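S.K.: Contents of run-v1.pdb (PDB, C-alpha atoms and all ligand atoms):
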```pdb
MODEL        1
ATOM      1  CA  MET A   1     -93.440  23.071-144.695
ATOM      2  CA  THR A   2     -93.538  19.870-146.733
ATOM      3  CA  ILE A   3     -90.779  19.216-149.280
ATOM      4  CA  ARG A   4     -93.306  19.634-152.102
ATOM      5  CA  ARG A   5     -94.389  23.071-150.809
ATOM      6  CA  ILE A   6     -90.759  24.185-150.415
ATOM      7  CA  GLY A   7     -90.107  23.032-153.999
ATOM      8  CA  ARG A   8     -93.135  24.994-155.248
ATOM      9  CA  SER A   9     -92.058  28.114-153.415
ATOM     10  CA  VAL A  10     -88.508  27.888-154.881
ATOM     11  CA  SER A  11     -89.970  27.484-158.349
ATOM     12  CA  GLU A  12     -92.430  30.398-157.904
ATOM     13  CA  LYS A  13     -89.607  32.644-156.702
ATOM     14  CA  ASN A  14     -87.471  31.634-159.712
ATOM     15  CA  ASP A  15     -90.359  32.332-162.120
ATOM     16  CA  LEU A  16     -90.868  35.797-160.636
ATOM     17  CA  ILE A  17     -87.196  36.724-161.099
ATOM     18  CA  ALA A  18     -87.216  35.132-164.575
ATOM     19  CA  SER A  19     -90.102  37.355-165.617
ATOM     20  CA  ARG A  20     -88.107  40.384-164.406
ATOM     21  CA  ASN A  21     -85.110  39.247-166.482
ATOM     22  CA  ARG A  22     -87.409  38.799-169.503
ATOM     23  CA  SER A  23     -88.890  42.282-169.040
ATOM     24  CA  LEU A  24     -85.407  43.773-168.878
ATOM     25  CA  LEU A  25     -84.394  42.063-172.132
ATOM     26  CA  ASP A  26     -87.712  42.913-173.814
ATOM     27  CA  GLY A  27     -87.253  46.567-172.841
ATOM     28  CA  LEU A  28     -83.872  46.523-174.575
ATOM     29  CA  GLU A  29     -85.262  44.595-177.573
ATOM     30  CA  ILE A  30     -82.772  41.769-177.016
ATOM     31  CA  LEU A  31     -83.617  38.130-177.741
ATOM     32  CA  GLY A  32     -82.679  35.971-174.746
ATOM     33  CA  ILE A  33     -81.619  32.410-175.594
ATOM     34  CA  ASN A  34     -80.950  29.567-173.154
ATOM     35  CA  LEU A  35     -78.515  26.929-174.499
ATOM     36  CA  MET A  36     -78.689  23.577-172.763
ATOM     37  CA  SER A  37     -76.875  20.296-173.337
ATOM     38  CA  SER A  38     -74.476  17.792-171.837
ATOM     39  CA  PRO A  39     -70.846  18.793-171.199
ATOM     40  CA  GLY A  40     -68.735  18.971-174.320
ATOM     41  CA  SER A  41     -71.561  18.884-176.882
ATOM     42  CA  GLY A  42     -70.235  22.052-178.492
ATOM     43  CA  LYS A  43     -72.048  25.027-176.880
ATOM     44  CA  THR A  44     -69.055  27.340-176.580
ATOM     45  CA  THR A  45     -67.691  26.393-179.997
ATOM     46  CA  LEU A  46     -71.091  27.230-181.500
ATOM     47  CA  LEU A  47     -71.055  30.586-179.684
ATOM     48  CA  GLU A  48     -67.553  31.311-180.984
ATOM     49  CA  ALA A  49     -68.899  30.712-184.501
ATOM     50  CA  LEU A  50     -71.923  32.954-183.847
ATOM     51  CA  ALA A  51     -69.608  35.623-182.433
ATOM     52  CA  GLY A  52     -67.845  35.613-185.803
ATOM     53  CA  ARG A  53     -71.187  36.319-187.511
ATOM     54  CA  PHE A  54     -72.972  38.669-185.138
ATOM     55  CA  GLY A  55     -69.980  40.444-183.524
ATOM     56  CA  PRO A  56     -71.091  43.035-180.926
ATOM     57  CA  GLU A  57     -74.771  42.279-181.604
ATOM     58  CA  LEU A  58     -74.158  39.175-179.466
ATOM     59  CA  ALA A  59     -73.511  39.029-175.708
ATOM     60  CA  VAL A  60     -72.958  35.835-173.730
ATOM     61  CA  ILE A  61     -73.440  34.649-170.170
ATOM     62  CA  GLU A  62     -71.414  31.529-169.424
ATOM     63  CA  GLY A  63     -72.462  29.099-166.720
ATOM     64  CA  ASP A  64     -69.942  26.605-165.409
ATOM     65  CA  VAL A  65     -69.324  24.908-162.102
ATOM     66  CA  SER A  66     -65.784  26.235-162.133
ATOM     67  CA  THR A  67     -63.293  28.313-164.178
ATOM     68  CA  ARG A  68     -63.661  31.368-166.416
ATOM     69  CA  ARG A  69     -62.462  29.443-169.457
ATOM     70  CA  ASP A  70     -65.608  29.689-171.579
ATOM     71  CA  ALA A  71     -66.063  33.433-170.984
ATOM     72  CA  GLU A  72     -62.427  33.962-171.935
ATOM     73  CA  ARG A  73     -62.994  32.077-175.207
ATOM     74  CA  ILE A  74     -65.908  34.386-176.066
ATOM     75  CA  LEU A  75     -64.044  37.548-174.980
ATOM     76  CA  ASP A  76     -61.200  36.471-177.278
ATOM     77  CA  LYS A  77     -63.699  36.755-180.149
ATOM     78  CA  GLY A  78     -64.332  40.393-179.260
ATOM     79  CA  VAL A  79     -67.797  39.758-177.824
ATOM     80  CA  LYS A  80     -69.088  40.749-174.369
ATOM     81  CA  ALA A  81     -69.155  37.816-171.955
ATOM     82  CA  TRP A  82     -69.908  37.290-168.274
ATOM     83  CA  GLN A  83     -68.876  34.149-166.404
ATOM     84  CA  ILE A  84     -71.015  32.660-163.652
ATOM     85  CA  GLU A  85     -69.174  30.050-161.578
ATOM     86  CA  THR A  86     -71.825  28.112-159.701
ATOM     87  CA  GLY A  87     -69.367  26.552-157.252
ATOM     88  CA  GLY A  88     -71.099  23.187-157.541
ATOM     89  CA  ALA A  89     -74.671  23.815-158.666
ATOM     90  CA  CYS A  90     -75.612  21.786-161.748
ATOM     91  CA  HIS A  91     -77.699  24.543-163.403
ATOM     92  CA  LEU A  92     -78.238  28.286-163.576
ATOM     93  CA  ASP A  93     -81.327  29.927-162.107
ATOM     94  CA  ALA A  94     -82.958  33.277-162.772
ATOM     95  CA  ALA A  95     -81.406  34.864-159.673
ATOM     96  CA  SER A  96     -77.887  34.036-160.849
ATOM     97  CA  VAL A  97     -78.564  35.435-164.321
ATOM     98  CA  GLY A  98     -80.031  38.767-163.071
ATOM     99  CA  PRO A  99     -76.733  40.289-161.839
ATOM    100  CA  ALA A 100     -74.962  39.032-164.969
ATOM    101  CA  LEU A 101     -77.499  40.889-167.136
ATOM    102  CA  GLN A 102     -76.793  44.064-165.157
ATOM    103  CA  GLY A 103     -73.028  43.503-165.272
ATOM    104  CA  LEU A 104     -72.988  43.182-169.068
ATOM    105  CA  ARG A 105     -74.401  46.737-169.427
ATOM    106  CA  LEU A 106     -76.514  45.839-172.452
ATOM    107  CA  SER A 107     -77.923  48.626-174.614
ATOM    108  CA  LYS A 108     -80.937  48.942-176.869
ATOM    109  CA  GLY A 109     -79.839  49.106-180.493
ATOM    110  CA  VAL A 110     -76.421  47.560-179.785
ATOM    111  CA  GLU A 111     -76.850  43.963-178.594
ATOM    112  CA  ARG A 112     -79.647  41.969-180.279
ATOM    113  CA  PHE A 113     -78.930  38.451-178.956
ATOM    114  CA  LEU A 114     -78.104  37.463-175.375
ATOM    115  CA  VAL A 115     -77.171  33.806-175.138
ATOM    116  CA  VAL A 116     -76.893  32.041-171.804
ATOM    117  CA  GLU A 117     -74.742  28.927-172.008
ATOM    118  CA  ASN A 118     -76.138  26.831-169.199
ATOM    119  CA  VAL A 119     -74.055  24.428-167.109
ATOM    120  CA  GLY A 120     -73.389  21.246-169.090
ATOM    121  CA  ASN A 121     -76.085  18.858-167.877
ATOM    122  CA  LEU A 122     -79.065  17.196-169.541
ATOM    123  CA  ILE A 123     -81.236  17.087-166.394
ATOM    124  CA  CYS A 124     -81.198  20.062-164.002
ATOM    125  CA  PRO A 125     -81.107  23.138-166.321
ATOM    126  CA  SER A 126     -84.405  22.340-168.032
ATOM    127  CA  SER A 127     -86.455  23.038-164.877
ATOM    128  CA  TYR A 128     -85.371  26.676-164.543
ATOM    129  CA  ASP A 129     -86.757  29.550-166.569
ATOM    130  CA  LEU A 130     -83.996  32.164-166.788
ATOM    131  CA  GLY A 131     -86.057  34.819-168.570
ATOM    132  CA  GLU A 132     -85.251  33.653-172.091
ATOM    133  CA  ARG A 133     -87.533  33.835-175.137
ATOM    134  CA  LEU A 134     -85.911  30.879-176.923
ATOM    135  CA  ARG A 135     -84.673  27.572-175.585
ATOM    136  CA  ALA A 136     -82.216  25.490-177.573
ATOM    137  CA  GLY A 137     -81.014  22.000-176.746
ATOM    138  CA  LEU A 138     -77.841  20.627-178.280
ATOM    139  CA  LEU A 139     -77.232  16.953-178.921
ATOM    140  CA  SER A 140     -73.860  16.183-180.446
ATOM    141  CA  LEU A 141     -73.559  13.236-182.791
ATOM    142  CA  PRO A 142     -70.949  11.372-180.653
ATOM    143  CA  GLU A 143     -73.479  11.240-177.773
ATOM    144  CA  GLY A 144     -75.772   8.888-179.723
ATOM    145  CA  ASP A 145     -79.201   9.146-181.360
ATOM    146  CA  ASP A 146     -81.009   7.509-178.415
ATOM    147  CA  LYS A 147     -80.608  10.388-175.962
ATOM    148  CA  VAL A 148     -83.803  12.368-176.600
ATOM    149  CA  MET A 149     -86.085   9.819-174.946
ATOM    150  CA  LYS A 150     -83.581   9.218-172.133
ATOM    151  CA  TYR A 151     -83.709  12.886-171.150
ATOM    152  CA  PRO A 152     -87.266  13.884-172.086
ATOM    153  CA  SER A 153     -87.551  16.744-169.610
ATOM    154  CA  LEU A 154     -85.016  18.827-171.511
ATOM    155  CA  PHE A 155     -85.933  17.777-175.029
ATOM    156  CA  SER A 156     -89.657  18.320-174.459
ATOM    157  CA  ARG A 157     -89.107  21.938-173.351
ATOM    158  CA  ILE A 158     -86.960  23.328-176.147
ATOM    159  CA  ASP A 159     -87.895  25.362-179.230
ATOM    160  CA  LEU A 160     -84.845  24.311-181.200
ATOM    161  CA  LEU A 161     -82.966  20.999-181.337
ATOM    162  CA  LEU A 162     -79.433  21.451-182.614
ATOM    163  CA  LEU A 163     -77.699  18.268-183.714
ATOM    164  CA  THR A 164     -74.079  19.354-183.466
ATOM    165  CA  LYS A 165     -70.717  18.120-184.828
ATOM    166  CA  LYS A 166     -72.315  17.121-188.123
ATOM    167  CA  ASP A 167     -68.851  16.871-189.679
ATOM    168  CA  LEU A 168     -68.359  13.664-187.648
ATOM    169  CA  ALA A 169     -71.369  11.939-189.256
ATOM    170  CA  PRO A 170     -69.278   9.757-191.632
ATOM    171  CA  HIS A 171     -67.546   8.193-188.601
ATOM    172  CA  LEU A 172     -70.674   7.542-186.519
ATOM    173  CA  GLY A 173     -73.929   5.665-186.900
ATOM    174  CA  PHE A 174     -76.065   8.552-185.682
ATOM    175  CA  ASP A 175     -79.603   8.334-187.075
ATOM    176  CA  THR A 176     -80.629  11.980-187.484
ATOM    177  CA  ALA A 177     -84.196  11.109-188.505
ATOM    178  CA  ARG A 178     -84.635   9.062-185.329
ATOM    179  CA  ALA A 179     -83.459  11.847-183.009
ATOM    180  CA  ALA A 180     -85.621  14.427-184.820
ATOM    181  CA  MET A 181     -88.694  12.166-184.863
ATOM    182  CA  GLU A 182     -88.354  11.211-181.197
ATOM    183  CA  CYS A 183     -88.025  14.861-180.242
ATOM    184  CA  ARG A 184     -91.135  15.776-182.261
ATOM    185  CA  SER A 185     -93.042  12.927-180.571
ATOM    186  CA  ILE A 186     -92.660  14.598-177.163
ATOM    187  CA  ASN A 187     -92.411  18.187-178.443
ATOM    188  CA  PRO A 188     -94.458  18.668-181.641
ATOM    189  CA  GLY A 189     -93.471  22.317-182.196
ATOM    190  CA  VAL A 190     -89.715  21.750-182.065
ATOM    191  CA  ARG A 191     -87.514  22.775-184.997
ATOM    192  CA  THR A 192     -84.464  20.601-185.721
ATOM    193  CA  MET A 193     -81.243  21.697-187.381
ATOM    194  CA  GLU A 194     -77.960  19.947-188.057
ATOM    195  CA  VAL A 195     -74.857  22.056-187.625
ATOM    196  CA  SER A 196     -71.097  21.874-187.544
ATOM    197  CA  ALA A 197     -69.426  24.833-185.889
ATOM    198  CA  LEU A 198     -66.143  23.422-187.162
ATOM    199  CA  THR A 199     -66.950  23.436-190.903
ATOM    200  CA  GLY A 200     -69.715  26.061-190.778
ATOM    201  CA  GLU A 201     -72.306  23.657-192.208
ATOM    202  CA  GLY A 202     -75.818  24.621-191.109
ATOM    203  CA  MET A 203     -74.638  27.892-189.571
ATOM    204  CA  ASP A 204     -76.414  30.042-192.226
ATOM    205  CA  GLU A 205     -79.681  28.296-191.403
ATOM    206  CA  LEU A 206     -79.144  28.782-187.669
ATOM    207  CA  ALA A 207     -78.246  32.464-188.018
ATOM    208  CA  GLY A 208     -81.278  32.947-190.297
ATOM    209  CA  PHE A 209     -83.543  31.283-187.725
ATOM    210  CA  LEU A 210     -82.274  33.589-184.964
ATOM    211  CA  GLU A 211     -82.759  36.650-187.186
ATOM    212  CA  GLU A 212     -86.286  35.483-187.991
ATOM    213  CA  ARG A 213     -87.093  35.047-184.269
ATOM    214  CA  TYR A 214     -85.678  38.488-183.557
ATOM    215  CA  ARG A 215     -87.755  40.100-186.328
ATOM    216  CA  SER A 216     -90.909  38.286-185.183
ATOM    217  CA  LEU A 217     -90.549  40.053-181.827
ATOM    218  CA  TRP A 218     -89.198  43.486-182.738
ATOM    219  CA  GLY A 219     -89.223  43.846-186.522
ATOM    220  CA  ALA A 220     -86.093  44.819-188.413
TER     221      ALA A 220
HETATM  222  N1  LIG B 301     -65.635  17.761-184.828
HETATM  223  C1  LIG B 301     -66.231  18.752-184.155
HETATM  224  N2  LIG B 301     -65.846  19.034-182.908
HETATM  225  C2  LIG B 301     -66.468  20.019-182.261
HETATM  226  C3  LIG B 301     -67.511  20.785-182.849
HETATM  227  N3  LIG B 301     -67.964  21.676-181.941
HETATM  228  C4  LIG B 301     -67.212  21.485-180.846
HETATM  229  N4  LIG B 301     -66.322  20.507-181.014
HETATM  230  C5  LIG B 301     -65.310  20.011-180.053
HETATM  231  O1  LIG B 301     -65.975  19.470-178.922
HETATM  232  C6  LIG B 301     -65.244  19.755-177.729
HETATM  233  C7  LIG B 301     -66.145  20.433-176.704
HETATM  234  O2  LIG B 301     -66.601  21.673-177.247
HETATM  235  P1  LIG B 301     -67.148  22.861-176.365
HETATM  236  O3  LIG B 301     -67.667  23.897-177.298
HETATM  237  O4  LIG B 301     -66.132  23.295-175.369
HETATM  238  O5  LIG B 301     -68.345  22.152-175.605
HETATM  239  P2  LIG B 301     -69.315  22.757-174.483
HETATM  240  O6  LIG B 301     -70.658  22.202-174.728
HETATM  241  O7  LIG B 301     -69.199  24.227-174.452
HETATM  242  O8  LIG B 301     -68.682  22.118-173.161
HETATM  243  P3  LIG B 301     -68.995  22.555-171.616
HETATM  244  O9  LIG B 301     -68.978  24.035-171.542
HETATM  245  O10 LIG B 301     -67.871  21.928-170.869
HETATM  246  O11 LIG B 301     -70.330  21.962-171.277
HETATM  247  C8  LIG B 301     -64.056  20.609-178.154
HETATM  248  O12 LIG B 301     -62.939  19.781-178.290
HETATM  249  C9  LIG B 301     -64.479  21.159-179.507
HETATM  250  O13 LIG B 301     -63.397  21.452-180.357
HETATM  251  C10 LIG B 301     -67.894  20.482-184.194
HETATM  252  O14 LIG B 301     -68.789  21.095-184.800
HETATM  253  N5  LIG B 301     -67.222  19.449-184.786
HETATM  254 MG    MG B 302     -68.800  25.495-172.876
ENDMDL
END
```
Please re-express this file's structure in structure tokens.
Ligand SMILES: Nc1nc2c(ncn2[C@@H]2O[C@H](COP(=O)(O)OP(=O)(O)OP(=O)(O)O)[C@@H](O)[C@H]2O)c(=O)[nH]1
Ligand SMILES: [Mg+2]
M.R.:
Amino acid sequence: MTIRRIGRSVSEKNDLIASRNRSLLDGLEILGINLMSSPGSGKTTLLEALAGRFGPELAVIEGDVSTRRDAERILDKGVKAWQIETGGACHLDAASVGPALQGLRLSKGVERFLVVENVGNLICPSSYDLGERLRAGLLSLPEGDDKVMKYPSLFSRIDLLLLTKKDLAPHLGFDTARAAMECRSINPGVRTMEVSALTGEGMDELAGFLEERYRSLWGA
């Protein structure tokens, strides 16, 4: 087998398992969300803030190379969480998410949002469908407004661009319009929001967007 054929077969196998994960979530009327970004851009802090809003309607799968720290942070908020330790892999795949979905024991009418926090990395995670219905990419202001075009694979495949740590804007020269415009240039349908999980700014808009997505799939 050539390397290209092996790559195609890995990707076809992943897509098959991803569609099973999606069917499972659809059957339970749960919106699956894949959160992707570089390490430290604020994924878990954002989820802690969402846990405060959605409570048990939210469940979380945490992907990290090592430690259960992020799952413990979410569990501390009283929300179901499942930690995947990849042991070195730089991304999650559909096969790793499947058992986590089973382990969380999700129920129709209880959980409405299942967020997968992918391994912090701007390259590898974007190539793997996990079975989500919504893909969000975070770019935190301290990372710089030039990153969208440096990592186009991720930013061209997301539905939602979240510019995080907005409270730091007065200390940084981050050009929000540039990041948003560059993302739209490679991904015309993308929606951009600015948020600060620390101050709560933008969190109403984000929660409203998630509610709207949920209703568009399954009504009230
Ligand atoms: N000022 C500010 N700091 C934030 C905000 N959100 C997160 N942080 C800080 O950024 C650091 C990293 O946040 P995390 O939420 O752990 O980032 P992460 O993306 O989950 O990191 P990994 O899981 O390691 O990829 C922590 O020190 C947070 O307190 C924010 O909105 N404003
Ligand atoms: Mg995290």
S.K.: Contacts of Val195 in chain A at 6 Å or less, counting only C-alpha atoms, minus same-chain residues fewer than 4 places along, as a ChimeraX atom specification?
M.R.: /A:164,166,201-202
S.K.: Residues within 10 Å of ligand LIG 301 (chain B), counting only C-alpha atoms and all ligand atoms: report them as a ChimeraX atom specification.
M.R.: /A:35-49,62-66,69-71,73,117-121,138-142,163-169,194-201
S.K.: Quick one: apply the PyMOL selection byres (((chain A and resi 102-114) around 6) and not hetatm) to the file and drop the selected residues here as a list of chain:residue names.
M.R.: A:Leu28, A:Ile30, A:Leu31, A:Gly32, A:Glu57, A:Leu58, A:Ala59, A:Val60, A:Pro99, A:Ala100, A:Leu101, A:Val115
S.K.: Can you turn the PyMOL selection byres (((chain A and resi 133) around 9) and not hetatm) into a concrete residue list for this file, as a list in words?
M.R.: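 Checking the PyMOL selection byres (((chain A and resi 133) around 9) and not hetatm) against this file, the residues are Arg22, Leu31, Gly32, Ile33, Asn34, Gly131, Glu132, Leu134 and Arg135 of chain A.
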S.K.: Would you pick out the contacts of Leu217 in chain A at 9 Å or less, using all atoms listed in the file, so that residues sharing its chain but fewer than 4 positions from it are not included, and give the list as a list of chain:residue names?
M.R.: A:Asp26, A:Glu29, A:Leu31, A:Glu212, A:Arg213
S.K.: Since the input has fewer atoms than a full residue there, write range 42-71 of chain A out with N, CA and C atoms, as a PDB file, in the coordinates of the input.
M.R.:
```pdb
ATOM      1  N   GLY A  42     -70.614  21.028-177.510  1.00  0.00           N
ATOM      2  CA  GLY A  42     -70.235  22.052-178.492  1.00  0.00           C
ATOM      3  C   GLY A  42     -70.882  23.417-178.309  1.00  0.00           C
ATOM      4  N   LYS A  43     -71.367  23.737-177.112  1.00  0.00           N
ATOM      5  CA  LYS A  43     -72.048  25.027-176.880  1.00  0.00           C
ATOM      6  C   LYS A  43     -71.105  26.212-177.119  1.00  0.00           C
ATOM      7  N   THR A  44     -69.947  26.176-176.470  1.00  0.00           N
ATOM      8  CA  THR A  44     -69.055  27.340-176.580  1.00  0.00           C
ATOM      9  C   THR A  44     -68.492  27.466-177.990  1.00  0.00           C
ATOM     10  N   THR A  45     -68.212  26.347-178.619  1.00  0.00           N
ATOM     11  CA  THR A  45     -67.691  26.393-179.997  1.00  0.00           C
ATOM     12  C   THR A  45     -68.742  27.000-180.927  1.00  0.00           C
ATOM     13  N   LEU A  46     -70.003  26.648-180.705  1.00  0.00           N
ATOM     14  CA  LEU A  46     -71.091  27.230-181.500  1.00  0.00           C
ATOM     15  C   LEU A  46     -71.167  28.746-181.266  1.00  0.00           C
ATOM     16  N   LEU A  47     -71.005  29.150-180.002  1.00  0.00           N
ATOM     17  CA  LEU A  47     -71.055  30.586-179.684  1.00  0.00           C
ATOM     18  C   LEU A  47     -69.869  31.332-180.289  1.00  0.00           C
ATOM     19  N   GLU A  48     -68.716  30.677-180.332  1.00  0.00           N
ATOM     20  CA  GLU A  48     -67.553  31.311-180.984  1.00  0.00           C
ATOM     21  C   GLU A  48     -67.879  31.552-182.464  1.00  0.00           C
ATOM     22  N   ALA A  49     -68.534  30.554-183.086  1.00  0.00           N
ATOM     23  CA  ALA A  49     -68.899  30.712-184.501  1.00  0.00           C
ATOM     24  C   ALA A  49     -69.945  31.817-184.665  1.00  0.00           C
ATOM     25  N   LEU A  50     -70.903  31.895-183.755  1.00  0.00           N
ATOM     26  CA  LEU A  50     -71.923  32.954-183.847  1.00  0.00           C
ATOM     27  C   LEU A  50     -71.304  34.326-183.581  1.00  0.00           C
ATOM     28  N   ALA A  51     -70.301  34.359-182.704  1.00  0.00           N
ATOM     29  CA  ALA A  51     -69.608  35.623-182.433  1.00  0.00           C
ATOM     30  C   ALA A  51     -68.973  36.148-183.713  1.00  0.00           C
ATOM     31  N   GLY A  52     -68.439  35.227-184.525  1.00  0.00           N
ATOM     32  CA  GLY A  52     -67.845  35.613-185.803  1.00  0.00           C
ATOM     33  C   GLY A  52     -68.869  36.209-186.749  1.00  0.00           C
ATOM     34  N   ARG A  53     -70.132  35.822-186.625  1.00  0.00           N
ATOM     35  CA  ARG A  53     -71.187  36.319-187.511  1.00  0.00           C
ATOM     36  C   ARG A  53     -71.827  37.586-186.974  1.00  0.00           C
ATOM     37  N   PHE A  54     -72.181  37.563-185.694  1.00  0.00           N
ATOM     38  CA  PHE A  54     -72.972  38.669-185.138  1.00  0.00           C
ATOM     39  C   PHE A  54     -72.112  39.757-184.489  1.00  0.00           C
ATOM     40  N   GLY A  55     -70.853  39.445-184.153  1.00  0.00           N
ATOM     41  CA  GLY A  55     -69.980  40.444-183.524  1.00  0.00           C
ATOM     42  C   GLY A  55     -70.643  41.049-182.297  1.00  0.00           C
ATOM     43  N   PRO A  56     -70.572  42.385-182.141  1.00  0.00           N
ATOM     44  CA  PRO A  56     -71.091  43.035-180.926  1.00  0.00           C
ATOM     45  C   PRO A  56     -72.611  42.997-180.772  1.00  0.00           C
ATOM     46  N   GLU A  57     -73.313  42.450-181.772  1.00  0.00           N
ATOM     47  CA  GLU A  57     -74.771  42.279-181.604  1.00  0.00           C
ATOM     48  C   GLU A  57     -75.070  41.112-180.663  1.00  0.00           C
ATOM     49  N   LEU A  58     -74.016  40.334-180.349  1.00  0.00           N
ATOM     50  CA  LEU A  58     -74.158  39.175-179.466  1.00  0.00           C
ATOM     51  C   LEU A  58     -73.509  39.480-178.114  1.00  0.00           C
ATOM     52  N   ALA A  59     -74.149  39.036-177.032  1.00  0.00           N
ATOM     53  CA  ALA A  59     -73.511  39.029-175.708  1.00  0.00           C
ATOM     54  C   ALA A  59     -73.791  37.658-175.098  1.00  0.00           C
ATOM     55  N   VAL A  60     -72.890  37.214-174.230  1.00  0.00           N
ATOM     56  CA  VAL A  60     -72.958  35.835-173.730  1.00  0.00           C
ATOM     57  C   VAL A  60     -72.796  35.789-172.213  1.00  0.00           C
ATOM     58  N   ILE A  61     -73.631  34.992-171.587  1.00  0.00           N
ATOM     59  CA  ILE A  61     -73.440  34.649-170.170  1.00  0.00           C
ATOM     60  C   ILE A  61     -73.045  33.182-170.128  1.00  0.00           C
ATOM     61  N   GLU A  62     -71.919  32.898-169.504  1.00  0.00           N
ATOM     62  CA  GLU A  62     -71.414  31.529-169.424  1.00  0.00           C
ATOM     63  C   GLU A  62     -71.674  30.959-168.039  1.00  0.00           C
ATOM     64  N   GLY A  63     -72.255  29.775-167.991  1.00  0.00           N
ATOM     65  CA  GLY A  63     -72.462  29.099-166.720  1.00  0.00           C
ATOM     66  C   GLY A  63     -71.611  27.853-166.634  1.00  0.00           C
ATOM     67  N   ASP A  64     -70.757  27.802-165.643  1.00  0.00           N
ATOM     68  CA  ASP A  64     -69.942  26.605-165.409  1.00  0.00           C
ATOM     69  C   ASP A  64     -69.814  26.392-163.912  1.00  0.00           C
ATOM     70  N   VAL A  65     -69.558  25.176-163.519  1.00  0.00           N
ATOM     71  CA  VAL A  65     -69.324  24.908-162.102  1.00  0.00           C
ATOM     72  C   VAL A  65     -68.065  25.653-161.661  1.00  0.00           C
ATOM     73  N   SER A  66     -67.070  25.661-162.519  1.00  0.00           N
ATOM     74  CA  SER A  66     -65.784  26.235-162.133  1.00  0.00           C
ATOM     75  C   SER A  66     -65.009  26.681-163.375  1.00  0.00           C
ATOM     76  N   THR A  67     -64.193  27.656-163.207  1.00  0.00           N
ATOM     77  CA  THR A  67     -63.293  28.313-164.178  1.00  0.00           C
ATOM     78  C   THR A  67     -64.009  29.376-165.006  1.00  0.00           C
ATOM     79  N   ARG A  68     -63.178  30.291-165.548  1.00  0.00           N
ATOM     80  CA  ARG A  68     -63.661  31.368-166.416  1.00  0.00           C
ATOM     81  C   ARG A  68     -63.314  31.049-167.881  1.00  0.00           C
ATOM     82  N   ARG A  69     -63.001  29.804-168.138  1.00  0.00           N
ATOM     83  CA  ARG A  69     -62.462  29.443-169.457  1.00  0.00           C
ATOM     84  C   ARG A  69     -63.402  29.780-170.604  1.00  0.00           C
ATOM     85  N   ASP A  70     -64.687  29.467-170.458  1.00  0.00           N
ATOM     86  CA  ASP A  70     -65.608  29.689-171.579  1.00  0.00           C
ATOM     87  C   ASP A  70     -65.797  31.180-171.850  1.00  0.00           C
ATOM     88  N   ALA A  71     -65.923  31.982-170.778  1.00  0.00           N
ATOM     89  CA  ALA A  71     -66.063  33.433-170.984  1.00  0.00           C
ATOM     90  C   ALA A  71     -64.822  33.988-171.681  1.00  0.00           C
TER      91      ALA A  71
END
```
